[in-house]
>>> print(open('final.tsv').read())   # TSV, C-alpha atoms
chain	number	residue	atom	x	y	z
L	1	MET	CA	-8.42	12.90	32.98
L	2	LYS	CA	-11.97	14.13	32.21
L	3	LYS	CA	-10.68	16.37	29.41
L	4	SER	CA	-8.81	13.42	27.83
L	5	LEU	CA	-11.90	11.21	27.90
L	6	LEU	CA	-14.01	14.02	26.45
L	7	PHE	CA	-11.51	14.53	23.62
L	8	VAL	CA	-11.51	10.81	22.76
L	9	TYR	CA	-15.32	10.73	22.87
L	10	LEU	CA	-15.63	13.75	20.54
L	11	SER	CA	-13.04	12.33	18.14
L	12	LEU	CA	-14.95	9.04	17.98
L	13	LEU	CA	-18.23	10.87	17.28
L	14	SER	CA	-16.53	12.90	14.55
L	15	SER	CA	-15.19	9.76	12.84
L	16	ILE	CA	-18.58	8.04	12.97
L	17	PHE	CA	-20.30	11.14	11.56
L	18	PHE	CA	-17.77	11.35	8.68
L	19	TYR	CA	-18.21	7.69	7.81
L	20	PHE	CA	-22.00	7.80	7.68
L	21	THR	CA	-22.14	11.07	5.76
L	22	LEU	CA	-20.05	9.76	2.88
L	23	PRO	CA	-22.33	9.21	-0.16
L	24	SER	CA	-22.98	5.50	-0.47
L	25	ASN	CA	-22.79	5.59	-4.27
L	26	ALA	CA	-19.84	8.01	-4.55
L	27	VAL	CA	-17.00	6.99	-6.84
L	28	SER	CA	-13.70	8.68	-6.04
L	29	SER	CA	-10.84	9.49	-8.37
L	30	CYS	CA	-7.16	9.81	-7.41
L	31	ASP	CA	-6.62	10.57	-3.69
L	32	GLY	CA	-10.39	10.60	-3.11
L	33	PRO	CA	-11.82	9.03	0.08
L	34	CYS	CA	-12.73	5.34	0.02
L	35	GLN	CA	-13.65	2.43	2.23
L	36	THR	CA	-13.68	-0.40	-0.33
L	37	LEU	CA	-12.48	-1.07	-3.90
L	38	ASP	CA	-15.96	-0.23	-5.21
L	39	ASP	CA	-15.53	3.37	-4.01
L	40	CYS	CA	-12.73	4.00	-6.54
L	41	ASP	CA	-13.01	4.89	-10.23
L	42	GLY	CA	-11.73	2.64	-13.02
L	43	GLN	CA	-8.81	0.39	-12.03
L	44	LEU	CA	-7.87	2.42	-8.95
L	45	ILE	CA	-7.74	0.63	-5.60
L	46	CYS	CA	-8.37	1.76	-2.03
L	47	ILE	CA	-5.15	2.16	-0.03
L	48	ASP	CA	-5.13	3.73	3.45
L	49	GLY	CA	-8.54	5.32	2.85
L	50	LYS	CA	-7.54	6.93	-0.48
L	51	CYS	CA	-8.00	5.84	-4.12
L	52	SER	CA	-4.60	5.14	-5.69
L	53	ASP	CA	-2.88	3.34	-8.55
L	54	ASP	CA	-2.83	-0.44	-8.27
L	55	PRO	CA	0.80	-1.57	-7.68
L	56	ALA	CA	-0.08	-5.05	-8.98
L	57	LEU	CA	-1.09	-3.60	-12.37
L	58	GLY	CA	1.70	-1.04	-12.47
L	59	SER	CA	-0.81	1.63	-13.51
L	60	HIS	CA	0.10	5.32	-13.48
L	61	THR	CA	-3.29	7.03	-13.68
L	62	CYS	CA	-2.64	9.11	-10.56
L	63	SER	CA	1.11	9.59	-10.84
L	64	GLY	CA	1.03	10.42	-14.55
L	65	GLY	CA	4.03	8.19	-15.16
L	66	SER	CA	4.89	6.15	-18.22
L	67	SER	CA	2.92	3.08	-19.20
L	68	PRO	CA	3.77	-0.34	-17.68
L	69	SER	CA	4.78	-1.62	-21.12
L	70	SER	CA	7.43	1.05	-21.61
L	71	PRO	CA	8.88	2.14	-18.25
L	72	MET	CA	11.53	4.84	-18.08
L	73	ASP	CA	11.19	5.65	-21.79
L	74	GLY	CA	10.67	9.35	-21.14
L	75	CYS	CA	7.16	9.32	-22.59
L	76	GLN	CA	4.84	10.60	-19.88
L	77	SER	CA	1.07	10.27	-19.94
L	78	SER	CA	-0.62	13.47	-21.10
L	79	GLY	CA	-3.82	12.78	-19.15
L	80	THR	CA	-6.58	10.23	-18.76
L	81	LEU	CA	-9.82	9.31	-20.50
L	82	THR	CA	-12.66	7.52	-18.71
L	83	CYS	CA	-15.10	5.39	-20.67
L	84	ASN	CA	-17.28	2.40	-19.85
L	85	GLY	CA	-16.30	2.71	-16.20
L	86	ASN	CA	-12.56	2.36	-16.85
L	87	THR	CA	-9.85	5.02	-16.87
L	88	TYR	CA	-7.13	4.92	-19.53
L	89	PRO	CA	-3.91	6.96	-19.85
L	90	THR	CA	-3.56	9.10	-22.97
L	91	TYR	CA	-0.31	9.91	-24.78
L	92	THR	CA	1.03	12.32	-27.36
L	93	CYS	CA	4.35	10.45	-27.55
L	94	SER	CA	5.72	6.92	-27.96
L	95	PRO	CA	8.92	5.22	-26.77
L	96	PRO	CA	12.08	6.25	-28.68
L	97	GLU	CA	12.59	4.65	-32.09
L	98	LEU	CA	15.66	2.43	-32.22
L	99	SER	CA	17.24	0.30	-34.93
L	100	SER	CA	14.94	-2.42	-33.58
L	101	THR	CA	12.05	-0.94	-31.56
L	102	SER	CA	10.09	-3.13	-29.14
L	103	ALA	CA	6.31	-2.93	-29.49
L	104	LYS	CA	3.00	-4.72	-29.06
L	105	LEU	CA	1.41	-6.08	-32.21
L	106	THR	CA	-2.39	-5.88	-32.06
L	107	LEU	CA	-5.00	-7.04	-34.57
L	108	ASN	CA	-7.17	-4.61	-36.51
L	109	ASN	CA	-9.76	-4.85	-39.26
L	110	PHE	CA	-9.14	-1.93	-41.65
L	111	SER	CA	-12.12	-2.74	-43.90
L	112	GLU	CA	-15.38	-0.82	-43.98
L	113	GLY	CA	-17.58	-1.89	-41.09
L	114	GLY	CA	-14.59	-3.43	-39.30
L	115	ASP	CA	-13.31	-2.61	-35.84
L	116	GLY	CA	-11.10	0.24	-37.01
L	117	GLY	CA	-13.84	2.87	-37.17
L	118	ASP	CA	-13.35	5.59	-39.80
L	119	PRO	CA	-11.27	5.16	-43.00
L	120	SER	CA	-7.49	5.12	-42.60
L	121	LYS	CA	-6.08	8.60	-41.99
L	122	CYS	CA	-3.26	8.40	-44.52
L	123	ASP	CA	-5.40	7.86	-47.61
L	124	GLU	CA	-9.00	8.20	-46.38
L	125	SER	CA	-9.59	4.65	-47.60
L	126	TYR	CA	-10.53	1.28	-46.19
L	127	HIS	CA	-8.23	-1.72	-46.66
L	128	ALA	CA	-8.99	-5.40	-47.14
L	129	ASP	CA	-7.87	-8.04	-44.64
L	130	THR	CA	-5.54	-9.39	-47.33
L	131	GLU	CA	-3.47	-6.18	-47.43
L	132	LEU	CA	-0.25	-5.91	-45.43
L	133	VAL	CA	-1.05	-2.65	-43.63
L	134	VAL	CA	-0.56	-1.23	-40.13
L	135	ALA	CA	-1.46	1.68	-37.88
L	136	LEU	CA	1.12	3.15	-35.49
L	137	SER	CA	0.64	4.68	-32.04
L	138	THR	CA	0.33	8.47	-32.09
L	139	GLY	CA	3.99	9.18	-31.25
L	140	TRP	CA	5.34	6.84	-33.92
L	141	TYR	CA	2.72	7.98	-36.45
L	142	ALA	CA	4.28	11.42	-36.00
L	143	GLY	CA	1.48	13.47	-37.47
L	144	GLY	CA	1.34	11.34	-40.61
L	145	SER	CA	5.01	11.66	-41.52
L	146	LYS	CA	5.24	7.87	-41.90
L	147	CYS	CA	2.16	7.57	-44.12
L	148	GLY	CA	2.82	5.28	-47.06
L	149	GLN	CA	6.20	4.18	-45.72
L	150	MET	CA	7.08	0.54	-45.18
L	151	ILE	CA	8.12	-0.93	-41.86
L	152	LYS	CA	9.65	-4.31	-41.09
L	153	ILE	CA	7.94	-6.25	-38.31
L	154	THR	CA	9.72	-9.17	-36.65
L	155	ALA	CA	8.04	-11.71	-34.38
L	156	ALA	CA	9.73	-13.45	-31.44
L	157	SER	CA	10.19	-16.48	-33.70
L	158	GLY	CA	12.40	-14.45	-36.02
L	159	VAL	CA	9.87	-14.40	-38.87
L	160	SER	CA	9.55	-10.97	-40.49
L	161	VAL	CA	7.12	-9.17	-42.78
L	162	THR	CA	7.04	-5.76	-44.43
L	163	ALA	CA	3.85	-3.69	-44.18
L	164	LYS	CA	2.67	-0.21	-45.19
L	165	VAL	CA	1.72	2.47	-42.65
L	166	VAL	CA	-1.81	3.65	-43.49
L	167	ASP	CA	-3.27	4.88	-40.20
L	168	GLU	CA	-2.77	6.18	-36.67
L	169	CYS	CA	-3.58	4.07	-33.63
L	170	ASP	CA	-4.81	7.10	-31.68
L	171	SER	CA	-3.27	7.34	-28.21
L	172	LYS	CA	-4.92	10.70	-27.45
L	173	HIS	CA	-8.62	10.01	-28.07
L	174	GLY	CA	-11.09	7.11	-28.10
L	175	CYS	CA	-14.45	5.79	-26.98
L	176	ASP	CA	-16.30	7.59	-29.80
L	177	SER	CA	-17.71	6.68	-33.21
L	178	GLU	CA	-14.54	7.78	-35.02
L	179	HIS	CA	-12.58	5.17	-33.07
L	180	ALA	CA	-15.29	2.49	-33.10
L	181	TYR	CA	-15.84	3.19	-29.37
L	182	GLN	CA	-12.50	1.63	-28.49
L	183	PRO	CA	-10.32	3.14	-25.72
L	184	PRO	CA	-7.17	5.14	-26.54
L	185	CYS	CA	-4.39	3.09	-28.08
L	186	GLU	CA	-1.38	2.36	-25.89
L	187	ASN	CA	1.71	4.32	-26.85
L	188	ASN	CA	3.76	1.33	-28.03
L	189	VAL	CA	1.46	-0.38	-30.54
L	190	VAL	CA	1.78	-1.58	-34.12
L	191	ASP	CA	-1.81	-2.34	-35.12
L	192	GLY	CA	-1.62	-4.92	-37.91
L	193	SER	CA	-4.09	-6.34	-40.40
L	194	ASP	CA	-5.14	-9.97	-40.61
L	195	ALA	CA	-2.59	-10.47	-43.42
L	196	VAL	CA	0.27	-9.21	-41.19
L	197	TRP	CA	-0.61	-11.70	-38.47
L	198	GLU	CA	-0.85	-14.56	-40.96
L	199	ALA	CA	2.48	-13.69	-42.58
L	200	LEU	CA	4.14	-13.79	-39.16
L	201	GLY	CA	2.48	-17.11	-38.32
L	202	LEU	CA	0.88	-15.71	-35.16
L	203	ASP	CA	-2.29	-16.83	-33.38
L	204	LYS	CA	-4.91	-14.16	-34.07
L	205	GLU	CA	-7.01	-15.43	-31.15
L	206	LYS	CA	-4.41	-14.01	-28.75
L	207	GLY	CA	-4.90	-10.49	-30.08
L	208	VAL	CA	-1.57	-9.16	-28.73
L	209	GLU	CA	2.01	-10.29	-29.42
L	210	SER	CA	5.44	-8.88	-28.59
L	211	ILE	CA	7.37	-7.81	-31.69
L	212	THR	CA	10.10	-5.46	-32.86
L	213	TRP	CA	9.87	-3.11	-35.80
L	214	SER	CA	12.09	-0.82	-37.87
L	215	MET	CA	11.82	1.26	-41.00
L	216	ALA	CA	12.18	-0.99	-44.04
>>> encode(input="final.tsv", output="structure tokens")
Amino acid sequence: MKKSLLFVYLSLLSSIFFYFTLPSNAVSSCDGPCQTLDDCDGQLICIDGKCSDDPALGSHTCSGGSSPSSPMDGCQSSGTLTCNGNTYPTYTCSPPELSSTSAKLTLNNFSEGGDGGDPSKCDESYHADTELVVALSTGWYAGGSKCGQMIKITAASGVSVTAKVVDECDSKHGCDSEHAYQPPCENNVVDGSDAVWEALGLDKEKGVESITWSMA
């Protein structure tokens, strides 16, 4: 009986010592120790004393799975990049191209001084808001093999527009001057100019719309 009480007492002391010796300002990454949400890096949450992916967000920072927008597409995250206190998955691939490929349409300013950063990769030039141009996620950009080609973009309303591929929406790098300090692009993005959004009749204030695209 005395040995049992002594064991419980020592275990309790050990737990208290561990708790109070944890750094109060420590930020843990995947599987790191935590007591509250604030102890975890980026969008990770504290589950059973360890920092893990948030099931509510469907994130795969720790598991290295595919992005929430393209589950089971065979395109696995190649790593993570942390900037401005948030952790983002990086990709070298995109979902498979189909006769009509689902994607997210985002808004980009391809002009000098705009939110696109450096000149477009395909032609080392800037492009006016009035031009029908797009950037594709790294996997779809395919090392520049689609540069200068035309793609057909179709909104949920059925309205379509044809635009030229002039740049890569980099899914591997970000948060630097080259990328206007923006995080890595998701792996399923068609980044369209102001003119593309207007031609499709979409609300630019929303910033993201579901579309399909195909080679024109």
>>> closest_residue(input="final.tsv", among="L:Cys75, L:Val189, L:Ala199, L:Leu81", to="L:Leu136", atoms="only C-alpha atoms")
L:Val189
>>> residues_around(input="final.tsv", residues="L:Val159", least_positions_apart="6", cutoff="10 Å", atoms="only C-alpha atoms", output="list in words")
Ile153, Ala199, Leu200, Gly201 and Leu202 of chain L
>>> write_last_selection(input="final.tsv", atoms="C-alpha atoms", output="PDB file, in the coordinates of the input")
ATOM      1  CA  ILE L 153       7.940  -6.250 -38.310  1.00  0.00           C
ATOM      2  CA  ALA L 199       2.480 -13.690 -42.580  1.00  0.00           C
ATOM      3  CA  LEU L 200       4.140 -13.790 -39.160  1.00  0.00           C
ATOM      4  CA  GLY L 201       2.480 -17.110 -38.320  1.00  0.00           C
ATOM      5  CA  LEU L 202       0.880 -15.710 -35.160  1.00  0.00           C
TER       6      LEU L 202
END
>>> closest_residue(input="final.tsv", among="L:Asp170, L:Asp118, L:Glu124, L:Glu131", to="L:Pro89", atoms="only C-alpha atoms")
L:Asp170
>>> residues_around(input="final.tsv", residues="L:Ser100", least_positions_apart="3", cutoff="7 Å", atoms="only C-alpha atoms", output="list in words")
Thr212, Trp213 and Ser214 of chain L
>>> atom_distance(input="final.tsv", atom1="atom CA of L:Gly207", atom2="atom CA of L:Ala155")
13.7 Å
